[in-house]
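Since the structure comes first, as structure tokens, the remarks are kept for the end.
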Amino acid sequence: RIVKLLDNFDIAAKLKQLAPGIEIIGRIYLQNQPMDGDPVVRAEEWWAQVNKTLLQYRAVDYWEGYNEPDADAAAMPWYSAFETHRVNLLARAGLRAVIGCFSVGMPDVTTPSTIQAFYPAIDAAIAAGGILGLHEYCQPYMACEFDNST
């Protein structure tokens, strides 16, 4: 069982008491999610912005970064480097990451080079006990409600 909390993490420890074995994902809303410049510097800026909160709420099992980033083929190498560094920042603090947090239809998994560019972030997350986040609002697969004729 998984619970996702947004911005209010005071309930995390209580949830763990009420539902042993539950895993909690936390996300801090950020109005700006810059995807330009040096991805390592941007990850450091993200950490500087959120670290006090993340370190305060140890009952949260995994922390998301950017929410539904623009992860097209051109942006994926940058985002992979950002997420890789973010995973490592969290791991150094004893925390685990949710990487990706992709929106429906992203990334384009039908173009292998796009998802392959994200492999370094996936490898970093696996090594640090992280998980991959994907926002999927239909089933059994992402494109099941997509109509290419419209």
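Just so we're on the same page: first chain in the structure tokens is A, next is B, and so on; residues restart at 1 for each chain, and ligands are numbered from 1 in the order they show up.
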
Exercise: Lys16 in chain A partners within 12 Å, only C-alpha atoms, chain neighbours under 5 positions left out, as a ChimeraX atom specification: /A:1-3,9-11,21-24,58-61

Test item, alpha helix (DSSP H) assignment across chain A, answer as a tab-separated table (two decimals) with all heavy atoms, in the first residue's frame:
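What follows is the written file part21.tsv:
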```tsv
chain	number	residue	atom	x	y	z
A	12	ALA	N	2.41	11.81	8.28
A	12	ALA	CA	3.16	10.64	7.81
A	12	ALA	C	3.43	9.63	8.92
A	12	ALA	O	3.18	8.43	8.75
A	12	ALA	CB	4.46	11.08	7.15
A	13	ALA	N	3.93	10.07	10.04
A	13	ALA	CA	4.25	9.14	11.13
A	13	ALA	C	2.99	8.46	11.66
A	13	ALA	O	3.00	7.25	11.96
A	13	ALA	CB	4.98	9.87	12.25
A	14	LYS	N	1.91	9.21	11.76
A	14	LYS	CA	0.64	8.64	12.24
A	14	LYS	C	0.12	7.58	11.27
A	14	LYS	O	-0.37	6.53	11.68
A	14	LYS	CB	-0.40	9.76	12.43
A	14	LYS	CG	-1.71	9.29	13.00
A	14	LYS	CD	-1.56	8.85	14.44
A	14	LYS	CE	-2.92	8.58	15.05
A	14	LYS	NZ	-2.82	8.04	16.39
A	15	LEU	N	0.24	7.85	9.97
A	15	LEU	CA	-0.17	6.86	8.97
A	15	LEU	C	0.60	5.56	9.13
A	15	LEU	O	0.04	4.47	9.01
A	15	LEU	CB	0.03	7.41	7.56
A	15	LEU	CG	-0.95	8.48	7.10
A	15	LEU	CD1	-0.52	9.06	5.76
A	15	LEU	CD2	-2.37	7.91	7.01
A	16	LYS	N	1.89	5.66	9.42
A	16	LYS	CA	2.71	4.47	9.61
A	16	LYS	C	2.25	3.68	10.84
A	16	LYS	O	2.28	2.45	10.83
A	16	LYS	CB	4.18	4.87	9.76
A	16	LYS	CG	4.76	5.46	8.51
A	16	LYS	CD	5.79	4.55	7.98
A	16	LYS	CE	6.33	5.15	6.70
A	16	LYS	NZ	7.07	4.20	5.96
A	17	GLN	N	1.80	4.38	11.88
A	17	GLN	CA	1.29	3.70	13.07
A	17	GLN	C	-0.03	3.00	12.77
A	17	GLN	O	-0.26	1.88	13.22
A	17	GLN	CB	1.08	4.70	14.21
A	17	GLN	CG	2.34	5.25	14.79
A	17	GLN	CD	2.05	6.35	15.82
A	17	GLN	OE1	0.92	6.84	15.93
A	17	GLN	NE2	3.08	6.73	16.56
A	18	LEU	N	-0.89	3.67	12.02
A	18	LEU	CA	-2.22	3.13	11.72
A	18	LEU	C	-2.20	2.01	10.69
A	18	LEU	O	-3.06	1.14	10.72
A	18	LEU	CB	-3.13	4.26	11.22
A	18	LEU	CG	-3.47	5.34	12.23
A	18	LEU	CD1	-4.23	6.47	11.56
A	18	LEU	CD2	-4.28	4.75	13.38
A	39	PRO	N	22.44	20.75	-15.13
A	39	PRO	CA	21.50	19.95	-14.35
A	39	PRO	C	21.99	19.64	-12.94
A	39	PRO	O	21.17	19.51	-12.02
A	39	PRO	CB	21.33	18.67	-15.18
A	39	PRO	CG	22.50	18.63	-16.09
A	39	PRO	CD	22.93	20.04	-16.32
A	40	VAL	N	23.29	19.54	-12.75
A	40	VAL	CA	23.83	19.30	-11.41
A	40	VAL	C	23.58	20.52	-10.52
A	40	VAL	O	23.16	20.39	-9.37
A	40	VAL	CB	25.33	18.94	-11.48
A	40	VAL	CG1	25.95	18.91	-10.09
A	40	VAL	CG2	25.52	17.61	-12.20
A	41	VAL	N	23.80	21.70	-11.06
A	41	VAL	CA	23.53	22.93	-10.32
A	41	VAL	C	22.04	23.04	-10.00
A	41	VAL	O	21.66	23.39	-8.88
A	41	VAL	CB	24.03	24.17	-11.10
A	41	VAL	CG1	23.54	25.46	-10.46
A	41	VAL	CG2	25.55	24.15	-11.22
A	42	ARG	N	21.20	22.71	-10.97
A	42	ARG	CA	19.74	22.77	-10.72
A	42	ARG	C	19.33	21.77	-9.64
A	42	ARG	O	18.46	22.07	-8.81
A	42	ARG	CB	18.97	22.52	-12.01
A	42	ARG	CG	19.06	23.63	-13.02
A	42	ARG	CD	18.43	24.89	-12.51
A	42	ARG	NE	18.32	25.86	-13.58
A	42	ARG	CZ	18.12	27.14	-13.39
A	42	ARG	NH1	18.02	27.62	-12.17
A	42	ARG	NH2	18.03	27.96	-14.41
A	43	ALA	N	19.94	20.59	-9.62
A	43	ALA	CA	19.62	19.61	-8.57
A	43	ALA	C	20.06	20.14	-7.20
A	43	ALA	O	19.35	19.97	-6.21
A	43	ALA	CB	20.28	18.27	-8.88
A	44	GLU	N	21.21	20.78	-7.16
A	44	GLU	CA	21.69	21.38	-5.91
A	44	GLU	C	20.73	22.49	-5.45
A	44	GLU	O	20.46	22.63	-4.25
A	44	GLU	CB	23.10	21.95	-6.08
A	44	GLU	CG	24.16	20.91	-6.38
A	44	GLU	CD	24.67	20.17	-5.16
A	44	GLU	OE1	24.35	20.58	-4.02
A	44	GLU	OE2	25.40	19.17	-5.34
A	45	GLU	N	20.23	23.28	-6.39
A	45	GLU	CA	19.27	24.33	-6.05
A	45	GLU	C	17.98	23.73	-5.52
A	45	GLU	O	17.39	24.25	-4.55
A	45	GLU	CB	18.98	25.20	-7.28
A	45	GLU	CG	20.16	26.05	-7.70
A	45	GLU	CD	19.98	26.72	-9.05
A	45	GLU	OE1	19.02	26.40	-9.79
A	45	GLU	OE2	20.82	27.58	-9.39
A	46	TRP	N	17.52	22.64	-6.15
A	46	TRP	CA	16.33	21.94	-5.68
A	46	TRP	C	16.56	21.48	-4.24
A	46	TRP	O	15.71	21.71	-3.37
A	46	TRP	CB	16.01	20.75	-6.59
A	46	TRP	CG	14.91	19.89	-6.08
A	46	TRP	CD1	13.57	20.06	-6.30
A	46	TRP	CD2	15.03	18.74	-5.24
A	46	TRP	NE1	12.85	19.08	-5.64
A	46	TRP	CE2	13.73	18.27	-4.98
A	46	TRP	CE3	16.11	18.07	-4.67
A	46	TRP	CZ2	13.48	17.14	-4.20
A	46	TRP	CZ3	15.87	16.95	-3.88
A	46	TRP	CH2	14.56	16.50	-3.65
A	47	TRP	N	17.70	20.86	-3.98
A	47	TRP	CA	18.02	20.36	-2.64
A	47	TRP	C	18.04	21.50	-1.63
A	47	TRP	O	17.48	21.37	-0.53
A	47	TRP	CB	19.34	19.61	-2.68
A	47	TRP	CG	19.81	19.13	-1.34
A	47	TRP	CD1	20.89	19.57	-0.65
A	47	TRP	CD2	19.21	18.12	-0.52
A	47	TRP	NE1	21.01	18.90	0.55
A	47	TRP	CE2	19.98	18.00	0.65
A	47	TRP	CE3	18.08	17.31	-0.67
A	47	TRP	CZ2	19.67	17.10	1.67
A	47	TRP	CZ3	17.77	16.43	0.35
A	47	TRP	CH2	18.56	16.33	1.50
A	48	ALA	N	18.65	22.60	-1.97
A	48	ALA	CA	18.72	23.76	-1.06
A	48	ALA	C	17.32	24.26	-0.72
A	48	ALA	O	17.07	24.73	0.39
A	48	ALA	CB	19.56	24.87	-1.68
A	49	GLN	N	16.41	24.15	-1.66
A	49	GLN	CA	15.05	24.64	-1.48
A	49	GLN	C	14.22	23.72	-0.59
A	49	GLN	O	13.34	24.19	0.14
A	49	GLN	CB	14.39	24.80	-2.85
A	49	GLN	CG	13.09	25.52	-2.85
A	49	GLN	CD	12.57	25.75	-4.27
A	49	GLN	OE1	13.15	25.33	-5.26
A	49	GLN	NE2	11.45	26.43	-4.37
A	50	VAL	N	14.47	22.41	-0.63
A	50	VAL	CA	13.58	21.46	0.03
A	50	VAL	C	14.20	20.67	1.17
A	50	VAL	O	13.48	20.00	1.91
A	50	VAL	CB	12.98	20.46	-0.99
A	50	VAL	CG1	12.21	21.20	-2.09
A	50	VAL	CG2	14.05	19.55	-1.57
A	51	ASN	N	15.50	20.73	1.35
A	51	ASN	CA	16.15	19.78	2.26
A	51	ASN	C	15.68	19.87	3.71
A	51	ASN	O	15.58	18.85	4.39
A	51	ASN	CB	17.67	19.86	2.16
A	51	ASN	CG	18.27	21.07	2.81
A	51	ASN	OD1	18.32	21.16	4.03
A	51	ASN	ND2	18.75	22.00	2.01
A	52	LYS	N	15.38	21.03	4.20
A	52	LYS	CA	14.94	21.14	5.60
A	52	LYS	C	13.66	20.35	5.83
A	52	LYS	O	13.51	19.65	6.83
A	52	LYS	CB	14.77	22.60	6.00
A	52	LYS	CG	16.09	23.30	6.17
A	52	LYS	CD	15.92	24.73	6.62
A	52	LYS	CE	17.30	25.35	6.75
A	52	LYS	NZ	17.38	26.71	6.39
A	53	THR	N	12.74	20.45	4.89
A	53	THR	CA	11.48	19.71	5.01
A	53	THR	C	11.73	18.22	4.88
A	53	THR	O	11.22	17.43	5.68
A	53	THR	CB	10.49	20.18	3.93
A	53	THR	OG1	10.25	21.58	4.10
A	53	THR	CG2	9.18	19.42	4.03
A	54	LEU	N	12.50	17.81	3.90
A	54	LEU	CA	12.76	16.38	3.70
A	54	LEU	C	13.43	15.76	4.90
A	54	LEU	O	13.07	14.65	5.32
A	54	LEU	CB	13.61	16.17	2.45
A	54	LEU	CG	12.86	16.09	1.12
A	54	LEU	CD1	12.05	17.32	0.81
A	54	LEU	CD2	13.84	15.81	-0.01
A	55	LEU	N	14.38	16.46	5.48
A	55	LEU	CA	15.09	15.92	6.64
A	55	LEU	C	14.23	15.90	7.89
A	55	LEU	O	14.46	15.11	8.80
A	55	LEU	CB	16.36	16.73	6.87
A	55	LEU	CG	17.42	16.59	5.77
A	55	LEU	CD1	18.52	17.62	5.95
A	55	LEU	CD2	17.97	15.18	5.70
A	56	GLN	N	13.22	16.75	7.94
A	56	GLN	CA	12.33	16.81	9.10
A	56	GLN	C	11.35	15.64	9.13
A	56	GLN	O	10.95	15.19	10.21
A	56	GLN	CB	11.55	18.13	9.07
A	56	GLN	CG	10.59	18.30	10.21
A	56	GLN	CD	9.83	19.61	10.13
A	56	GLN	OE1	10.09	20.47	9.29
A	56	GLN	NE2	8.85	19.77	11.01
A	76	MET	N	15.50	14.88	-22.39
A	76	MET	CA	15.76	13.70	-21.56
A	76	MET	C	17.19	13.59	-21.05
A	76	MET	O	17.39	13.27	-19.87
A	76	MET	CB	15.34	12.43	-22.28
A	76	MET	CG	15.35	11.22	-21.38
A	76	MET	SD	14.21	11.34	-19.97
A	76	MET	CE	12.68	10.88	-20.76
A	77	PRO	N	18.22	13.85	-21.84
A	77	PRO	CA	19.57	13.76	-21.27
A	77	PRO	C	19.78	14.74	-20.11
A	77	PRO	O	20.39	14.39	-19.10
A	77	PRO	CB	20.48	14.09	-22.46
A	77	PRO	CG	19.68	13.72	-23.66
A	77	PRO	CD	18.26	14.06	-23.30
A	78	TRP	N	19.25	15.94	-20.25
A	78	TRP	CA	19.36	16.93	-19.17
A	78	TRP	C	18.63	16.42	-17.92
A	78	TRP	O	19.17	16.44	-16.82
A	78	TRP	CB	18.77	18.27	-19.61
A	78	TRP	CG	19.01	19.37	-18.63
A	78	TRP	CD1	19.99	20.32	-18.68
A	78	TRP	CD2	18.26	19.65	-17.43
A	78	TRP	NE1	19.90	21.16	-17.58
A	78	TRP	CE2	18.85	20.77	-16.80
A	78	TRP	CE3	17.16	19.05	-16.82
A	78	TRP	CZ2	18.38	21.30	-15.61
A	78	TRP	CZ3	16.69	19.58	-15.61
A	78	TRP	CH2	17.30	20.69	-15.03
A	79	TYR	N	17.40	15.96	-18.12
A	79	TYR	CA	16.60	15.52	-16.99
A	79	TYR	C	17.22	14.29	-16.32
A	79	TYR	O	17.20	14.16	-15.10
A	79	TYR	CB	15.16	15.24	-17.44
A	79	TYR	CG	14.22	14.98	-16.29
A	79	TYR	CD1	14.11	15.88	-15.24
A	79	TYR	CD2	13.47	13.82	-16.25
A	79	TYR	CE1	13.25	15.63	-14.18
A	79	TYR	CE2	12.61	13.57	-15.19
A	79	TYR	CZ	12.51	14.48	-14.16
A	79	TYR	OH	11.67	14.23	-13.10
A	80	SER	N	17.79	13.41	-17.10
A	80	SER	CA	18.46	12.24	-16.54
A	80	SER	C	19.62	12.66	-15.64
A	80	SER	O	19.79	12.12	-14.54
A	80	SER	CB	18.96	11.33	-17.67
A	80	SER	OG	19.60	10.20	-17.14
A	81	ALA	N	20.41	13.61	-16.09
A	81	ALA	CA	21.54	14.10	-15.27
A	81	ALA	C	21.03	14.77	-14.00
A	81	ALA	O	21.60	14.58	-12.92
A	81	ALA	CB	22.40	15.06	-16.09
A	82	PHE	N	19.97	15.55	-14.11
A	82	PHE	CA	19.35	16.19	-12.94
A	82	PHE	C	18.89	15.13	-11.93
A	82	PHE	O	19.21	15.20	-10.74
A	82	PHE	CB	18.17	17.06	-13.40
A	82	PHE	CG	17.32	17.59	-12.27
A	82	PHE	CD1	17.66	18.77	-11.63
A	82	PHE	CD2	16.18	16.91	-11.87
A	82	PHE	CE1	16.87	19.27	-10.59
A	82	PHE	CE2	15.38	17.40	-10.84
A	82	PHE	CZ	15.73	18.58	-10.20
A	83	GLU	N	18.13	14.15	-12.42
A	83	GLU	CA	17.59	13.13	-11.53
A	83	GLU	C	18.70	12.28	-10.92
A	83	GLU	O	18.63	11.91	-9.75
A	83	GLU	CB	16.58	12.25	-12.27
A	83	GLU	CG	15.24	12.92	-12.50
A	83	GLU	CD	14.42	13.04	-11.24
A	83	GLU	OE1	14.79	13.86	-10.35
A	83	GLU	OE2	13.40	12.34	-11.13
A	84	THR	N	19.72	11.96	-11.69
A	84	THR	CA	20.84	11.19	-11.16
A	84	THR	C	21.49	11.92	-9.99
A	84	THR	O	21.74	11.33	-8.93
A	84	THR	CB	21.88	10.91	-12.27
A	84	THR	OG1	21.26	10.15	-13.31
A	84	THR	CG2	23.08	10.16	-11.74
A	85	HIS	N	21.73	13.19	-10.15
A	85	HIS	CA	22.35	13.96	-9.07
A	85	HIS	C	21.39	14.11	-7.88
A	85	HIS	O	21.81	14.01	-6.72
A	85	HIS	CB	22.82	15.32	-9.56
A	85	HIS	CG	23.72	16.01	-8.59
A	85	HIS	ND1	24.96	15.51	-8.25
A	85	HIS	CD2	23.55	17.12	-7.85
A	85	HIS	CE1	25.52	16.31	-7.35
A	85	HIS	NE2	24.69	17.29	-7.09
A	86	ARG	N	20.11	14.30	-8.15
A	86	ARG	CA	19.12	14.41	-7.09
A	86	ARG	C	19.06	13.12	-6.27
A	86	ARG	O	19.01	13.16	-5.03
A	86	ARG	CB	17.75	14.75	-7.67
A	86	ARG	CG	16.72	15.19	-6.64
A	86	ARG	CD	15.40	15.56	-7.30
A	86	ARG	NE	14.73	14.41	-7.86
A	86	ARG	CZ	13.99	13.55	-7.15
A	86	ARG	NH1	13.81	13.73	-5.86
A	86	ARG	NH2	13.41	12.53	-7.74
A	87	VAL	N	19.08	11.98	-6.94
A	87	VAL	CA	19.10	10.69	-6.25
A	87	VAL	C	20.30	10.61	-5.31
A	87	VAL	O	20.18	10.20	-4.15
A	87	VAL	CB	19.15	9.51	-7.27
A	87	VAL	CG1	19.53	8.21	-6.58
A	87	VAL	CG2	17.82	9.37	-7.99
A	88	ASN	N	21.44	11.03	-5.80
A	88	ASN	CA	22.66	10.96	-4.99
A	88	ASN	C	22.62	11.93	-3.81
A	88	ASN	O	23.09	11.60	-2.72
A	88	ASN	CB	23.88	11.20	-5.86
A	88	ASN	CG	24.09	10.06	-6.84
A	88	ASN	OD1	23.76	8.92	-6.56
A	88	ASN	ND2	24.62	10.37	-8.00
A	89	LEU	N	22.06	13.12	-4.01
A	89	LEU	CA	21.90	14.07	-2.91
A	89	LEU	C	21.01	13.48	-1.81
A	89	LEU	O	21.33	13.55	-0.62
A	89	LEU	CB	21.29	15.38	-3.41
A	89	LEU	CG	22.18	16.27	-4.27
A	89	LEU	CD1	21.35	17.36	-4.93
A	89	LEU	CD2	23.30	16.87	-3.44
A	90	LEU	N	19.91	12.89	-2.22
A	90	LEU	CA	19.01	12.27	-1.26
A	90	LEU	C	19.68	11.11	-0.55
A	90	LEU	O	19.58	10.97	0.68
A	90	LEU	CB	17.73	11.80	-1.96
A	90	LEU	CG	16.78	12.91	-2.42
A	90	LEU	CD1	15.74	12.36	-3.37
A	90	LEU	CD2	16.12	13.59	-1.24
A	91	ALA	N	20.37	10.27	-1.30
A	91	ALA	CA	21.02	9.09	-0.71
A	91	ALA	C	22.04	9.50	0.34
A	91	ALA	O	22.15	8.86	1.39
A	91	ALA	CB	21.66	8.25	-1.81
A	92	ARG	N	22.80	10.56	0.07
A	92	ARG	CA	23.79	11.03	1.04
A	92	ARG	C	23.13	11.46	2.36
A	92	ARG	O	23.75	11.45	3.41
A	92	ARG	CB	24.60	12.18	0.48
A	92	ARG	CG	25.75	11.68	-0.39
A	92	ARG	CD	26.56	12.83	-0.89
A	92	ARG	NE	26.19	12.97	-2.29
A	92	ARG	CZ	26.48	13.99	-3.06
A	92	ARG	NH1	27.15	15.01	-2.58
A	92	ARG	NH2	26.12	14.02	-4.31
A	112	PRO	N	13.19	4.26	-28.64
A	112	PRO	CA	14.13	3.72	-27.65
A	112	PRO	C	15.17	4.72	-27.16
A	112	PRO	O	15.49	4.73	-25.97
A	112	PRO	CB	14.78	2.54	-28.38
A	112	PRO	CG	13.76	2.12	-29.38
A	112	PRO	CD	13.09	3.39	-29.81
A	113	SER	N	15.68	5.57	-28.02
A	113	SER	CA	16.74	6.48	-27.60
A	113	SER	C	16.25	7.46	-26.53
A	113	SER	O	17.04	7.92	-25.70
A	113	SER	CB	17.32	7.24	-28.78
A	113	SER	OG	16.31	8.02	-29.41
A	114	THR	N	14.97	7.76	-26.52
A	114	THR	CA	14.44	8.68	-25.51
A	114	THR	C	14.52	8.07	-24.13
A	114	THR	O	15.06	8.67	-23.20
A	114	THR	CB	12.98	9.08	-25.85
A	114	THR	OG1	12.95	9.69	-27.12
A	114	THR	CG2	12.42	10.04	-24.81
A	115	ILE	N	14.00	6.87	-23.97
A	115	ILE	CA	14.03	6.25	-22.64
A	115	ILE	C	15.44	5.80	-22.29
A	115	ILE	O	15.85	5.83	-21.12
A	115	ILE	CB	13.01	5.09	-22.52
A	115	ILE	CG1	12.80	4.70	-21.06
A	115	ILE	CG2	13.38	3.92	-23.37
A	115	ILE	CD1	12.20	5.77	-20.19
A	116	GLN	N	16.24	5.42	-23.28
A	116	GLN	CA	17.61	5.01	-23.00
A	116	GLN	C	18.42	6.17	-22.41
A	116	GLN	O	19.32	5.94	-21.59
A	116	GLN	CB	18.28	4.47	-24.26
A	116	GLN	CG	17.74	3.11	-24.66
A	116	GLN	CD	18.15	2.69	-26.05
A	116	GLN	OE1	18.70	3.46	-26.83
A	116	GLN	NE2	17.86	1.44	-26.39
A	119	TYR	N	18.36	6.04	-18.69
A	119	TYR	CA	18.93	4.88	-18.00
A	119	TYR	C	19.88	5.27	-16.85
A	119	TYR	O	19.85	4.62	-15.81
A	119	TYR	CB	19.66	3.96	-18.97
A	119	TYR	CG	18.77	3.08	-19.82
A	119	TYR	CD1	19.34	2.22	-20.75
A	119	TYR	CD2	17.38	3.10	-19.72
A	119	TYR	CE1	18.55	1.40	-21.55
A	119	TYR	CE2	16.59	2.29	-20.52
A	119	TYR	CZ	17.18	1.43	-21.42
A	119	TYR	OH	16.41	0.63	-22.21
A	120	PRO	N	20.74	6.29	-17.00
A	120	PRO	CA	21.61	6.63	-15.86
A	120	PRO	C	20.82	6.99	-14.59
A	120	PRO	O	21.21	6.61	-13.49
A	120	PRO	CB	22.42	7.83	-16.37
A	120	PRO	CG	22.45	7.64	-17.86
A	120	PRO	CD	21.10	7.07	-18.19
A	121	ALA	N	19.71	7.68	-14.74
A	121	ALA	CA	18.88	8.02	-13.58
A	121	ALA	C	18.23	6.76	-13.01
A	121	ALA	O	18.15	6.60	-11.78
A	121	ALA	CB	17.83	9.05	-13.96
A	122	ILE	N	17.78	5.88	-13.87
A	122	ILE	CA	17.18	4.62	-13.41
A	122	ILE	C	18.22	3.81	-12.65
A	122	ILE	O	17.95	3.28	-11.57
A	122	ILE	CB	16.60	3.83	-14.59
A	122	ILE	CG1	15.40	4.59	-15.19
A	122	ILE	CG2	16.19	2.42	-14.16
A	122	ILE	CD1	14.89	4.02	-16.51
A	123	ASP	N	19.43	3.71	-13.21
A	123	ASP	CA	20.50	2.96	-12.53
A	123	ASP	C	20.81	3.55	-11.16
A	123	ASP	O	20.99	2.83	-10.18
A	123	ASP	CB	21.76	2.94	-13.39
A	123	ASP	CG	21.62	2.09	-14.65
A	123	ASP	OD1	20.70	1.23	-14.70
A	123	ASP	OD2	22.42	2.29	-15.59
A	124	ALA	N	20.87	4.89	-11.08
A	124	ALA	CA	21.15	5.55	-9.80
A	124	ALA	C	20.05	5.26	-8.80
A	124	ALA	O	20.32	4.99	-7.62
A	124	ALA	CB	21.32	7.05	-10.01
A	125	ALA	N	18.81	5.33	-9.25
A	125	ALA	CA	17.68	5.07	-8.35
A	125	ALA	C	17.69	3.63	-7.84
A	125	ALA	O	17.48	3.39	-6.65
A	125	ALA	CB	16.36	5.39	-9.05
A	126	ILE	N	17.95	2.69	-8.73
A	126	ILE	CA	18.01	1.28	-8.31
A	126	ILE	C	19.10	1.11	-7.26
A	126	ILE	O	18.89	0.48	-6.22
A	126	ILE	CB	18.23	0.36	-9.52
A	126	ILE	CG1	16.97	0.33	-10.40
A	126	ILE	CG2	18.62	-1.05	-9.06
A	126	ILE	CD1	17.18	-0.35	-11.74
A	127	ALA	N	20.27	1.67	-7.51
A	127	ALA	CA	21.39	1.53	-6.58
A	127	ALA	C	21.09	2.15	-5.21
A	127	ALA	O	21.60	1.68	-4.20
A	127	ALA	CB	22.65	2.17	-7.18
```

Strand (DSSP E or B) per DSSP on the backbone: members of range 47-126 of chain A, as a list in words: Tyr62, Trp63, Glu64, Ala97, Val98, Ile99, Gly100, Cys101 and Phe102 of chain A

How would the residues just picked look written out with all heavy atoms as an mmCIF file, in the first residue's frame?
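Saved as out-v1.cif:
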```cif
data_model
loop_
_atom_site.group_PDB
_atom_site.id
_atom_site.type_symbol
_atom_site.label_atom_id
_atom_site.label_comp_id
_atom_site.auth_asym_id
_atom_site.auth_seq_id
_atom_site.Cartn_x
_atom_site.Cartn_y
_atom_site.Cartn_z
ATOM 1 N N TYR A 62 9.835 7.963 0.288
ATOM 2 C CA TYR A 62 10.377 8.376 -1.011
ATOM 3 C C TYR A 62 9.977 9.824 -1.275
ATOM 4 O O TYR A 62 8.856 10.227 -0.964
ATOM 5 C CB TYR A 62 9.806 7.524 -2.154
ATOM 6 C CG TYR A 62 10.049 6.047 -1.995
ATOM 7 C CD1 TYR A 62 9.077 5.230 -1.429
ATOM 8 C CD2 TYR A 62 11.235 5.461 -2.424
ATOM 9 C CE1 TYR A 62 9.282 3.869 -1.298
ATOM 10 C CE2 TYR A 62 11.451 4.100 -2.291
ATOM 11 C CZ TYR A 62 10.468 3.309 -1.728
ATOM 12 O OH TYR A 62 10.674 1.959 -1.591
ATOM 13 N N TRP A 63 10.884 10.559 -1.915
ATOM 14 C CA TRP A 63 10.619 11.962 -2.228
ATOM 15 C C TRP A 63 10.660 12.195 -3.730
ATOM 16 O O TRP A 63 11.623 11.820 -4.402
ATOM 17 C CB TRP A 63 11.635 12.862 -1.543
ATOM 18 C CG TRP A 63 11.431 12.900 -0.062
ATOM 19 C CD1 TRP A 63 12.109 12.205 0.882
ATOM 20 C CD2 TRP A 63 10.455 13.683 0.635
ATOM 21 N NE1 TRP A 63 11.620 12.503 2.138
ATOM 22 C CE2 TRP A 63 10.609 13.407 2.011
ATOM 23 C CE3 TRP A 63 9.473 14.589 0.232
ATOM 24 C CZ2 TRP A 63 9.823 13.997 2.989
ATOM 25 C CZ3 TRP A 63 8.686 15.182 1.213
ATOM 26 C CH2 TRP A 63 8.863 14.885 2.568
ATOM 27 N N GLU A 64 9.604 12.827 -4.230
ATOM 28 C CA GLU A 64 9.564 13.222 -5.631
ATOM 29 C C GLU A 64 10.344 14.514 -5.826
ATOM 30 O O GLU A 64 10.509 15.295 -4.893
ATOM 31 C CB GLU A 64 8.125 13.438 -6.096
ATOM 32 C CG GLU A 64 7.313 12.176 -6.133
ATOM 33 C CD GLU A 64 5.942 12.377 -6.744
ATOM 34 O OE1 GLU A 64 5.552 13.528 -7.050
ATOM 35 O OE2 GLU A 64 5.239 11.369 -6.928
ATOM 36 N N ALA A 97 14.580 8.410 -3.436
ATOM 37 C CA ALA A 97 13.923 9.234 -4.455
ATOM 38 C C ALA A 97 12.877 8.467 -5.243
ATOM 39 O O ALA A 97 13.001 7.266 -5.467
ATOM 40 C CB ALA A 97 14.968 9.774 -5.432
ATOM 41 N N VAL A 98 11.879 9.219 -5.680
ATOM 42 C CA VAL A 98 11.019 8.809 -6.784
ATOM 43 C C VAL A 98 11.549 9.591 -7.970
ATOM 44 O O VAL A 98 11.567 10.825 -7.941
ATOM 45 C CB VAL A 98 9.538 9.189 -6.566
ATOM 46 C CG1 VAL A 98 8.701 8.740 -7.750
ATOM 47 C CG2 VAL A 98 9.004 8.628 -5.271
ATOM 48 N N ILE A 99 12.013 8.889 -8.992
ATOM 49 C CA ILE A 99 12.518 9.576 -10.175
ATOM 50 C C ILE A 99 11.442 9.586 -11.258
ATOM 51 O O ILE A 99 10.503 8.814 -11.222
ATOM 52 C CB ILE A 99 13.810 8.940 -10.721
ATOM 53 C CG1 ILE A 99 13.570 7.489 -11.143
ATOM 54 C CG2 ILE A 99 14.929 9.065 -9.698
ATOM 55 C CD1 ILE A 99 14.675 6.905 -12.003
ATOM 56 N N GLY A 100 11.616 10.462 -12.214
ATOM 57 C CA GLY A 100 10.706 10.513 -13.349
ATOM 58 C C GLY A 100 9.513 11.397 -13.070
ATOM 59 O O GLY A 100 9.477 12.545 -13.450
ATOM 60 N N CYS A 101 8.507 10.812 -12.400
ATOM 61 C CA CYS A 101 7.237 11.501 -12.137
ATOM 62 C C CYS A 101 6.661 12.034 -13.442
ATOM 63 O O CYS A 101 6.183 13.168 -13.527
ATOM 64 C CB CYS A 101 7.410 12.600 -11.097
ATOM 65 S SG CYS A 101 8.003 11.955 -9.537
ATOM 66 N N PHE A 102 6.744 11.192 -14.450
ATOM 67 C CA PHE A 102 6.323 11.556 -15.805
ATOM 68 C C PHE A 102 4.805 11.646 -15.924
ATOM 69 O O PHE A 102 4.078 10.897 -15.286
ATOM 70 C CB PHE A 102 6.831 10.523 -16.809
ATOM 71 C CG PHE A 102 8.322 10.425 -16.874
ATOM 72 C CD1 PHE A 102 8.966 9.267 -16.485
ATOM 73 C CD2 PHE A 102 9.081 11.487 -17.328
ATOM 74 C CE1 PHE A 102 10.342 9.164 -16.559
ATOM 75 C CE2 PHE A 102 10.459 11.404 -17.399
ATOM 76 C CZ PHE A 102 11.096 10.232 -17.011
#
```

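Counting only C-alpha atoms, the residue from A:Gly130, A:Asn32, A:Ala19, A:Ala117 that sits nearest to Asn67 in chain A is A:Asn32.
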
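As for CA of Lys4 in chain A and CA of Gly26 in chain A, they are spaced 5.8 Å apart.
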
Proximity to Val104 in chain A - best of A:Ile28, A:Met35, A:Leu6, A:Leu134, only C-alpha atoms: A:Leu134

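Among A:Tyr57, A:Tyr29, A:Phe118, A:Tyr137, the residue with the shortest atom-to-atom distance to Ala74 in chain A, counting only C-alpha atoms, is A:Phe118.
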
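Counting only C-alpha atoms, the residue from A:Asp36, A:Pro20, A:Ala128, A:Gly133 that sits nearest to Leu95 in chain A is A:Ala128.
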